[in-house]
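Shown next: start_28.cif, containing mmCIF, C-alpha atoms.
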```cif
data_entry
#
loop_
_atom_site.label_atom_id
_atom_site.label_comp_id
_atom_site.auth_asym_id
_atom_site.auth_seq_id
_atom_site.Cartn_x
_atom_site.Cartn_y
_atom_site.Cartn_z
CA MET K 11 85.30 95.85 133.39
CA ASN K 12 82.71 96.92 130.88
CA LEU K 13 83.51 99.12 127.97
CA PRO K 14 81.14 101.92 127.06
CA ILE K 15 80.06 100.15 123.90
CA PRO K 16 76.34 99.76 123.29
CA THR K 17 75.35 96.10 123.23
CA ASN K 18 73.90 96.41 119.74
CA PHE K 19 76.99 98.10 118.37
CA PRO K 20 78.30 96.14 115.39
CA ILE K 21 81.92 96.38 116.21
CA ALA K 22 84.98 94.91 114.64
CA PRO K 23 86.68 92.53 117.04
CA GLY K 24 90.20 93.56 117.69
CA LEU K 25 89.56 97.18 116.93
CA LEU K 26 87.37 97.89 119.92
CA SER K 27 86.62 94.47 121.25
CA SER K 28 84.19 94.14 124.12
CA THR K 29 85.04 90.47 124.60
CA ASN K 30 88.79 90.53 125.05
CA PRO K 31 89.87 94.10 125.54
CA VAL K 32 93.12 95.32 126.97
CA VAL K 33 91.68 97.88 129.30
CA ARG K 34 93.12 100.11 131.96
CA ARG K 35 91.74 103.05 133.78
CA GLN K 36 93.24 106.45 133.28
CA SER K 37 92.08 107.56 136.70
CA GLU K 38 89.90 106.67 139.65
CA ASP K 39 87.13 108.85 138.30
CA PRO K 40 84.27 106.45 137.55
CA LYS K 41 83.00 108.82 134.89
CA PHE K 42 86.29 108.68 133.04
CA VAL K 43 85.93 106.26 130.20
CA PRO K 44 88.37 103.35 130.34
CA VAL K 45 91.27 103.37 128.00
CA LEU K 46 90.93 101.17 124.98
CA LYS K 47 93.94 99.57 123.46
CA ILE K 48 93.75 99.33 119.73
CA SER K 49 96.38 96.91 118.65
CA ARG K 50 96.99 94.92 115.56
CA SER K 51 97.85 91.95 117.72
CA THR K 52 94.24 91.82 118.83
CA LEU K 53 92.94 91.72 115.29
CA PRO K 54 91.22 88.65 113.98
CA SER K 55 92.83 86.45 111.38
CA SER K 56 89.72 86.92 109.31
CA ASN K 57 88.42 90.11 107.82
CA GLU K 58 84.93 88.96 108.63
CA PHE K 59 83.76 91.00 111.58
CA LEU K 60 81.05 90.62 114.13
CA ASP K 61 77.52 90.19 113.06
CA ALA K 62 75.68 93.39 113.87
CA ASP K 63 73.06 91.87 116.13
CA SER K 64 74.35 88.60 117.50
CA HIS K 65 77.97 89.67 118.15
CA THR K 66 79.15 86.31 116.91
CA MET K 67 82.07 86.16 114.59
CA ASN K 68 81.66 84.59 111.23
CA GLN K 69 84.44 81.99 111.26
CA GLY K 70 83.55 80.58 107.85
CA VAL K 71 85.87 82.69 105.72
CA LYS K 72 89.59 82.81 106.48
CA ASN K 73 90.95 85.63 104.43
CA LYS K 74 94.16 87.45 105.07
CA PHE K 75 93.38 90.54 107.10
CA GLU K 76 93.88 93.77 105.19
CA PRO K 77 94.85 96.59 107.53
CA PRO K 78 91.90 98.94 107.18
CA MET K 79 94.08 101.99 107.39
CA THR K 80 95.24 101.45 103.86
CA VAL K 81 92.23 102.95 102.17
CA ASP K 82 90.52 99.92 100.82
CA PHE K 83 87.90 101.06 98.37
CA ARG K 84 86.57 97.52 98.18
CA ALA K 85 85.67 97.86 101.87
CA ILE K 86 84.57 101.49 102.03
CA ARG K 87 82.09 102.24 99.29
CA ALA K 88 79.42 104.77 98.57
CA ASP K 89 76.87 102.57 100.28
CA SER K 90 78.97 102.24 103.46
CA THR K 91 77.28 103.76 106.49
CA PRO K 92 79.51 105.44 109.07
CA LEU K 93 78.68 104.07 112.52
CA GLN K 94 81.17 105.95 114.57
CA ILE K 95 83.50 108.81 113.79
CA TRP K 96 86.15 109.97 116.22
CA GLU K 97 88.35 112.98 115.93
CA GLY K 98 91.62 111.94 117.50
CA THR K 99 94.66 113.82 118.69
CA VAL K 100 98.05 112.19 119.10
CA ILE K 101 99.22 112.66 122.69
CA GLU K 102 102.50 110.81 122.48
CA VAL K 103 104.36 108.65 120.00
CA ASP K 104 106.21 105.64 121.39
CA HIS K 105 108.48 104.56 118.53
CA LYS K 106 110.03 101.80 120.66
CA ALA K 107 106.67 100.11 121.19
CA SER K 108 105.48 101.28 117.77
CA VAL K 109 102.28 102.77 119.15
CA MET K 110 100.76 106.21 119.44
CA HIS K 111 98.82 107.27 122.52
CA VAL K 112 95.74 109.15 121.42
CA GLU K 113 92.76 111.07 122.71
CA LEU K 114 89.52 110.29 120.87
CA ASN K 115 86.45 112.52 120.78
CA ALA K 116 83.28 111.08 119.25
CA LYS K 117 81.93 113.16 116.36
CA ILE K 118 79.05 110.76 115.82
CA GLY K 119 78.08 107.62 117.69
CA GLN K 120 77.68 106.82 121.34
CA ILE K 121 81.19 106.31 122.63
CA PRO K 122 82.30 109.48 124.42
CA ARG K 123 85.73 110.91 124.86
CA HIS K 124 88.48 108.52 125.88
CA THR K 125 92.12 107.75 125.40
CA GLY K 126 93.76 104.77 123.76
CA GLU K 127 96.70 103.35 121.88
CA ILE K 128 96.91 102.65 118.17
CA ASP K 129 99.66 100.64 116.51
CA LEU K 130 101.73 102.78 114.16
CA GLU K 131 101.43 100.17 111.44
CA TRP K 132 97.80 101.20 111.09
CA VAL K 133 98.93 104.54 109.71
CA THR K 134 99.17 104.76 105.94
CA GLU K 135 102.53 105.39 104.31
CA GLN K 136 101.44 108.80 103.06
CA ASP K 137 100.40 109.86 106.59
CA LYS K 138 103.46 108.59 108.49
CA ASP K 139 105.23 111.96 108.41
CA LEU K 140 102.25 113.52 110.18
CA VAL K 141 102.42 111.31 113.27
CA ASN K 142 103.57 113.78 115.92
CA PRO K 143 102.14 114.93 119.26
CA GLY K 144 99.15 117.14 118.58
CA ALA K 145 98.45 115.76 115.11
CA VAL K 146 94.74 115.38 114.39
CA PHE K 147 93.22 112.37 112.66
CA TYR K 148 89.82 110.84 112.00
CA LEU K 149 88.98 107.26 112.85
CA THR K 150 85.80 106.03 111.20
CA LEU K 151 83.94 102.75 111.55
CA TYR K 152 81.71 101.84 108.61
CA LYS K 153 79.03 99.24 108.09
CA ARG K 154 77.86 97.87 104.78
CA THR K 155 75.66 95.02 103.75
CA GLU K 156 76.89 92.61 101.13
CA ARG K 157 74.93 89.61 99.97
CA GLY K 158 72.83 89.76 103.12
CA SER K 159 75.71 89.90 105.60
CA ILE K 160 76.83 92.98 107.47
CA GLN K 161 80.51 93.81 107.20
CA ASN K 162 82.44 96.44 109.07
CA SER K 163 85.46 98.40 108.00
CA GLN K 164 87.52 101.24 109.39
CA GLU K 165 89.59 104.12 108.14
CA LEU K 166 92.23 106.21 109.87
CA ARG K 167 93.23 109.43 108.10
CA PHE K 168 95.41 112.26 109.35
CA ARG K 169 94.64 115.89 108.71
CA ARG K 170 97.36 117.60 106.78
CA ARG K 171 97.61 121.01 108.40
CA PRO K 172 99.56 124.09 107.39
CA SER K 173 102.88 124.79 109.10
CA TRP K 174 103.57 127.67 111.43
CA SER K 175 104.73 130.68 109.49
CA ALA K 176 107.56 132.98 110.52
CA GLU K 177 105.00 135.77 111.11
CA GLN K 178 102.93 133.57 113.39
CA LEU K 179 105.99 132.51 115.38
CA ASP K 180 106.99 136.14 115.73
CA GLN K 181 103.52 137.01 117.04
CA ILE K 182 103.60 134.09 119.49
CA ASP K 183 106.94 135.31 120.77
CA LYS K 184 105.55 138.80 121.35
CA ASP K 185 102.38 137.49 122.98
CA ALA K 186 104.38 135.17 125.24
CA ALA K 187 106.57 138.04 126.44
CA LYS K 188 103.51 140.18 127.11
CA LEU K 189 101.80 137.41 129.10
CA LEU K 190 104.93 136.78 131.13
CA SER K 191 105.25 140.47 132.02
CA LYS K 192 101.84 140.29 133.71
CA MET K 193 102.66 137.34 135.97
CA LYS K 194 103.34 138.24 139.60
CA ALA K 195 104.46 136.00 142.45
CA LEU K 196 102.25 135.57 145.51
CA PRO K 197 103.62 135.85 149.06
CA THR K 198 104.48 132.50 150.59
CA SER K 199 103.92 131.05 154.06
CA VAL K 200 106.91 129.85 156.04
CA MET Y 12 64.69 127.67 136.06
CA ILE Y 13 66.76 126.90 139.16
CA ASP Y 14 65.80 128.62 142.40
CA TYR Y 15 69.13 129.33 144.08
CA GLY Y 16 67.54 130.61 147.26
CA ALA Y 17 68.99 133.20 149.59
CA PRO Y 18 72.66 134.06 149.93
CA PRO Y 19 74.50 132.60 152.94
CA ALA Y 20 74.48 134.51 156.20
CA ASP Y 21 77.57 136.53 157.06
CA ASN Y 22 78.81 133.90 159.49
CA GLU Y 23 77.93 130.96 157.25
CA ILE Y 24 80.63 129.11 155.33
CA GLU Y 25 79.16 127.82 152.07
CA VAL Y 26 80.77 125.66 149.42
CA THR Y 27 78.84 125.23 146.17
CA LEU Y 28 79.91 122.87 143.42
CA PHE Y 29 78.86 123.20 139.79
CA GLY Y 30 79.36 121.00 136.77
CA PRO Y 31 78.45 117.72 135.11
CA GLY Y 32 81.04 115.65 136.99
CA TYR Y 33 82.23 116.04 140.57
CA GLY Y 34 82.11 119.79 140.50
CA GLU Y 35 84.22 121.36 137.81
CA ALA Y 36 83.69 124.79 139.36
CA ILE Y 37 83.40 125.82 143.00
CA ALA Y 38 82.17 128.94 144.79
CA VAL Y 39 83.22 129.38 148.42
CA HIS Y 40 81.66 131.91 150.78
CA LEU Y 41 84.44 132.61 153.27
CA GLY Y 42 82.29 134.80 155.54
CA GLU Y 43 81.00 138.38 155.74
CA GLY Y 44 80.10 138.38 152.05
CA ASN Y 45 83.60 137.47 150.84
CA TRP Y 46 83.74 134.92 148.00
CA MET Y 47 86.37 132.87 146.27
CA LEU Y 48 85.73 131.17 142.90
CA VAL Y 49 87.70 128.14 141.79
CA ASP Y 50 87.64 127.12 138.10
CA SER Y 51 84.63 127.57 135.83
CA CYS Y 52 82.09 125.62 133.84
CA ILE Y 53 79.12 126.72 131.77
CA ASP Y 54 75.58 126.88 133.10
CA PRO Y 55 73.39 125.16 130.47
CA GLU Y 56 70.55 127.67 130.96
CA SER Y 57 72.35 131.00 130.97
CA LYS Y 58 75.25 129.75 128.77
CA ALA Y 59 77.44 131.81 131.10
CA SER Y 60 79.85 130.74 133.84
CA ALA Y 61 77.82 128.67 136.34
CA SER Y 62 79.37 130.14 139.49
CA GLY Y 63 79.04 133.68 138.10
CA THR Y 64 75.38 133.05 137.33
CA TYR Y 65 74.85 131.67 140.82
CA LEU Y 66 76.33 134.74 142.52
CA GLU Y 67 74.29 137.02 140.29
CA LYS Y 68 71.07 135.16 141.13
CA ILE Y 69 71.61 135.34 144.89
CA GLY Y 70 72.45 139.02 144.64
CA VAL Y 71 76.19 139.05 145.31
CA ASP Y 72 77.93 142.26 144.22
CA PRO Y 73 80.82 141.37 141.84
CA LYS Y 74 83.14 143.37 144.12
CA GLN Y 75 82.52 140.81 146.88
CA VAL Y 76 84.50 138.22 144.91
CA ARG Y 77 87.99 138.48 146.38
CA SER Y 78 89.76 135.81 144.42
CA ILE Y 79 89.42 133.64 141.30
CA ILE Y 80 91.71 130.68 140.77
CA ALA Y 81 92.15 128.59 137.64
CA THR Y 82 93.60 125.37 139.10
CA HIS Y 83 94.57 123.95 135.69
CA TRP Y 84 93.85 124.53 132.02
CA HIS Y 85 91.81 121.42 131.13
CA ASP Y 86 88.81 122.41 129.04
CA ASP Y 87 86.23 121.17 131.54
CA HIS Y 88 87.64 123.36 134.34
CA VAL Y 89 88.09 126.66 132.52
CA ARG Y 90 85.05 127.01 130.27
CA GLY Y 91 83.87 130.60 130.72
CA ILE Y 92 86.67 131.60 133.10
CA SER Y 93 87.74 134.53 130.93
CA GLN Y 94 84.17 135.80 131.13
CA LEU Y 95 84.21 135.25 134.90
CA ALA Y 96 87.44 137.24 135.16
CA SER Y 97 85.94 140.15 133.19
CA LYS Y 98 82.80 140.11 135.32
CA HIS Y 99 84.81 140.39 138.55
CA PRO Y 100 87.57 142.86 137.71
CA THR Y 101 88.48 143.60 141.33
CA ALA Y 102 89.09 139.94 142.22
CA GLU Y 103 92.70 138.78 142.24
CA PHE Y 104 93.20 136.12 139.58
CA SER Y 105 95.65 133.28 140.20
CA ILE Y 106 96.88 130.47 137.99
CA SER Y 107 99.54 127.81 138.33
CA ALA Y 108 103.06 129.20 138.70
CA VAL Y 109 104.10 126.82 135.94
CA PHE Y 110 102.83 129.55 133.60
CA ASN Y 111 105.29 132.05 135.07
CA ASP Y 112 107.71 130.83 132.45
CA ARG Y 113 108.49 131.98 128.92
CA GLU Y 114 108.00 128.56 127.33
CA ALA Y 115 104.70 128.00 129.13
CA THR Y 116 103.35 131.41 128.06
CA ALA Y 117 104.51 130.61 124.51
CA PHE Y 118 102.45 127.43 124.75
CA LEU Y 119 99.37 129.45 125.77
CA ALA Y 120 100.01 132.02 123.04
CA ALA Y 121 100.41 129.36 120.35
CA HIS Y 122 97.19 127.63 121.35
CA SER Y 123 95.19 130.78 122.02
CA GLY Y 124 93.42 130.82 118.70
CA ALA Y 125 95.13 134.08 117.78
CA SER Y 126 97.20 132.34 115.11
CA SER Y 127 94.80 129.53 114.33
CA SER Y 128 91.46 128.54 115.70
CA GLY Y 129 90.27 125.60 117.72
CA LEU Y 130 93.62 124.38 119.02
CA SER Y 131 92.78 124.22 122.70
CA ARG Y 132 89.88 125.89 124.44
CA GLY Y 133 91.61 125.68 127.83
CA ALA Y 134 94.77 127.43 126.66
CA LYS Y 135 92.63 130.04 124.87
CA GLU Y 136 90.68 130.81 128.06
CA LEU Y 137 93.83 131.33 130.15
CA PHE Y 138 95.44 133.38 127.39
CA GLU Y 139 92.42 135.69 127.32
CA VAL Y 140 92.36 136.06 131.09
CA ILE Y 141 96.03 137.06 131.31
CA GLN Y 142 95.78 139.34 128.30
CA GLY Y 143 92.76 141.16 129.77
CA ARG Y 144 94.28 141.78 133.20
CA VAL Y 145 96.92 144.10 134.54
CA ASN Y 146 98.38 141.29 136.66
CA VAL Y 147 97.79 137.60 137.19
CA PHE Y 148 99.23 135.85 140.24
CA ALA Y 149 101.36 132.73 140.08
CA ALA Y 150 100.41 130.12 142.67
CA LEU Y 151 102.71 127.34 143.82
CA ASN Y 152 103.24 125.26 146.94
CA ARG Y 153 102.89 127.55 150.03
CA SER Y 154 101.64 130.58 148.10
CA ILE Y 155 99.14 132.58 150.14
CA VAL Y 156 96.26 133.17 147.75
CA LEU Y 157 94.05 135.05 150.21
CA GLU Y 158 94.28 136.15 153.83
CA ALA Y 159 91.65 138.05 155.84
CA THR Y 160 90.02 138.32 159.23
CA LEU Y 161 86.35 137.37 158.87
CA ASN Y 162 83.83 136.81 161.65
CA GLY Y 163 86.65 137.21 164.15
CA HIS Y 164 88.63 134.34 162.58
CA GLN Y 165 91.78 134.41 160.56
CA VAL Y 166 90.94 132.98 157.11
CA LYS Y 167 93.85 131.86 154.99
CA VAL Y 168 93.85 130.22 151.56
CA THR Y 169 97.15 128.52 150.77
CA ALA Y 170 98.21 126.66 147.62
CA LEU Y 171 99.68 123.22 148.29
CA SER Y 172 100.79 122.61 144.72
CA PRO Y 173 102.40 122.66 142.25
CA VAL Y 174 105.76 121.94 143.81
CA LYS Y 175 108.78 123.24 141.94
CA ALA Y 176 109.81 119.71 140.99
CA ALA Y 177 106.70 119.51 138.79
CA PHE Y 178 107.60 122.62 136.79
CA ALA Y 179 110.22 121.05 134.55
CA GLN Y 180 108.06 118.02 133.86
CA SER Y 181 105.03 120.13 132.94
CA ILE Y 182 107.04 122.34 130.63
CA ALA Y 183 108.76 119.35 129.03
CA ARG Y 184 105.36 117.90 128.19
CA MET Y 185 104.09 121.23 126.86
CA ALA Y 186 107.23 121.46 124.72
CA GLN Y 187 105.85 118.71 122.50
CA TYR Y 188 103.14 121.10 121.37
CA MET Y 189 105.22 124.25 120.98
CA ALA Y 190 104.99 126.11 117.69
CA ARG Y 191 108.07 125.58 115.54
CA LYS Y 192 108.95 126.65 112.06
CA ASP Y 193 107.89 124.19 109.38
CA ARG Y 194 106.03 122.07 111.93
CA PRO Y 195 102.29 121.67 111.35
CA ILE Y 196 99.87 123.72 113.44
CA ASN Y 197 98.70 120.96 115.73
CA SER Y 198 96.33 120.70 118.68
CA ALA Y 199 97.30 120.45 122.33
CA PRO Y 200 95.41 117.65 124.06
CA GLU Y 201 94.87 117.75 127.79
CA LEU Y 202 97.97 116.55 129.60
CA HIS Y 203 97.55 113.88 132.26
CA PRO Y 204 98.42 113.83 135.08
CA ASN Y 205 97.98 117.56 135.45
CA LEU Y 206 101.15 118.18 137.40
CA GLU Y 207 100.71 121.92 137.12
CA ALA Y 208 97.37 122.02 139.01
CA VAL Y 209 96.89 124.22 142.06
CA THR Y 210 95.57 122.37 145.13
CA LEU Y 211 94.09 124.71 147.73
CA HIS Y 212 93.86 124.59 151.51
CA ILE Y 213 91.32 126.95 153.06
CA ASP Y 214 91.90 127.52 156.75
CA LEU Y 215 88.76 128.96 158.29
CA GLY Y 216 90.10 129.14 161.83
CA GLY Y 217 89.21 125.74 163.29
CA ASP Y 218 87.67 124.23 160.17
CA ALA Y 219 89.44 123.71 156.89
CA ILE Y 220 88.60 122.76 153.33
CA LEU Y 221 90.88 121.02 150.90
CA LEU Y 222 90.18 121.46 147.18
CA GLY Y 223 91.95 118.74 145.23
CA ALA Y 224 92.00 120.37 141.77
CA ASP Y 225 91.46 117.15 139.83
CA ARG Y 226 94.76 115.68 141.05
CA GLY Y 227 93.88 112.16 142.08
CA ARG Y 228 92.74 111.60 145.67
CA PRO Y 229 91.33 113.65 147.25
CA ARG Y 230 89.92 114.72 143.94
CA TYR Y 231 87.86 117.68 144.86
CA LEU Y 232 86.73 118.60 148.26
CA TRP Y 233 87.38 117.49 151.82
CA LEU Y 234 86.20 119.16 154.98
CA VAL Y 235 88.44 118.99 158.00
CA SER Y 236 86.57 119.99 161.11
CA ARG Y 237 88.42 120.19 164.39
CA GLY Y 238 90.46 117.13 163.64
CA CYS Y 239 87.47 115.06 162.56
CA ARG Y 240 87.79 114.49 158.83
CA SER Y 241 84.87 113.66 156.57
CA MET Y 242 84.73 113.47 152.81
CA VAL Y 243 81.98 115.59 151.36
CA VAL Y 244 82.38 115.13 147.61
CA GLY Y 245 84.67 113.09 145.46
#
```

Show me the file's structure as structure tokens.
Amino acid sequence: MNLPIPTNFPIAPGLLSSTNPVVRRQSEDPKFVPVLKISRSTLPSSNEFLDADSHTMNQGVKNKFEPPMTVDFRAIRADSTPLQIWEGTVIEVDHKASVMHVELNAKIGQIPRHTGEIDLEWVTEQDKDLVNPGAVFYLTLYKRTERGSIQNSQELRFRRRPSWSAEQLDQIDKDAAKLLSKMKALPTSV
Amino acid sequence: MIDYGAPPADNEIEVTLFGPGYGEAIAVHLGEGNWMLVDSCIDPESKASASGTYLEKIGVDPKQVRSIIATHWHDDHVRGISQLASKHPTAEFSISAVFNDREATAFLAAHSGASSSGLSRGAKELFEVIQGRVNVFAALNRSIVLEATLNGHQVKVTALSPVKAAFAQSIARMAQYMARKDRPINSAPELHPNLEAVTLHIDLGGDAILLGADRGRPRYLWLVSRGCRSMVVG
């Protein structure tokens, strides 16, 4: 099964790997983009990612992988170019499996809307309290060139949104009652 | 500019699908100038509801639309449906009976944009429809959405879903996105599978059409003609 990743997309293996993905279809709809599983277990042991053009991994350097979700300013610099930005929404949090099921909408880049799973350990400590159904985050893939080689990095940041106020909840309650008063049952066939 | 041609003849059953996928919106001519509209999507030219634009272009009087149904609240099926509802004020408007529930209406109210913007376009559209109408009808398994005698045939539109067993599950899933004190104002993503969706059976007196409402197979539209079944779209 092919993923909707352009062939020239310089992608980090393990994040959205086109070579060894864990893929399942959400539905039979052929237009529905396959689910991508984003799992730490699929990450490479090296922090050297795919070469932008050849899609071959540079196996020469064996550094300990730094989870990109801890904002690593050595990786993301002013000269980093964002390749893909998704706005994501948490659909469900599975604490047992330590993953969150998410819906991703491309803000820039060529990968359209799809769903996926992200390991909770990718979430920074300061964002952990925000991981709830409906929470919105941004997942960004960056590219930068260092000493002639292209390196990719990613960042996952949650939006810190205001809480519902008592006034808003009161208004919702009134609106809900008003909506319900307008609902009428239809006759039924036997 | 699309040339939509002439409207169907009085005795002609016509099913028109609109949308970028399999047909996110449907217009059905039931006979003798009576129309039913299912869901809505936006026409890229007019930026208005595609089925509404179609009826306008072929010269259908808005009063000829008997019924509008929002099968489910996913964004791609309800874009422009509040506008469609305003444009056809005499049409009966039906939505899933799952929303005939205080928690479900609270879900729509919370994600309507009234308290904060951009939370869910689908919920906002349904909220605006219900708010702008005197009544909205709740469709569930066996609900009769429309019944009339047209061209000498008894025409009957019946909902086949949701079944009551799906109500609790739908509301339990919506509950995750309910507004609560000291909880952040979050978004409501589309819920899959859409257990609350309204599947429709249109009995045309000998022929029948099944509209699948994005609920797996059959996804959208089947024609059943005198016992000989053929898939048209989906």

Residue with smallest distance to chain Y - pool K:Val146, K:Ile128, K:Leu151, K:Ala116, counting only C-alpha atoms: K:Val146

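What chain K places within 7 Å of chain Y, counting only C-alpha atoms, is Thr99, Ile101, Pro143, Gly144, Ala145, Val146, Arg171, Pro172, Ser173, Trp174, Ser175, Ala176, Gln178, Leu179, Ile182, Asp183, Asp185, Ala186, Ala187, Leu189, Leu190, Lys192, Met193, Lys194, Ala195, Leu196, Pro197, Thr198 and Ser199 of chain K.
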
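Atom CA of Y:Ile53 is found 9.0 Å from atom CA of Y:Asp87.
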
Within 9 Å of Y:Ala177 using all atoms listed in the file, minus same-chain residues under 5 positions, as a PyMOL selection string: chain Y and resi 109+172+182+206-207

Selection result for the PyMOL selection byres ((chain Y and resi 161-165) around 10) on this file, as a PyMOL selection string: chain Y and resi 21-23+41-45+158-160+166-167+214-217

Who sits within 12 Å of Y:Cys52, all atoms listed in the file, same chain under 3 positions skipped, as a PyMOL selection string: chain Y and resi 28-38+48-49+55+57-65+81+84-95+133+136

Residue members of the PyMOL selection byres ((chain K and resi 147) around 7) in the file shown, as a PyMOL selection string: chain K and resi 97-99+145-146+148-149+166-169

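Taking atom CA of Y:Ile213 and atom CA of Y:Ser78 as endpoints, the distance between them is 12.5 Å.
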
Reference answer for the PyMOL selection byres ((chain K and resi 113) around 7), as a ChimeraX atom specification: /K:98-101,112,114-115,124-126
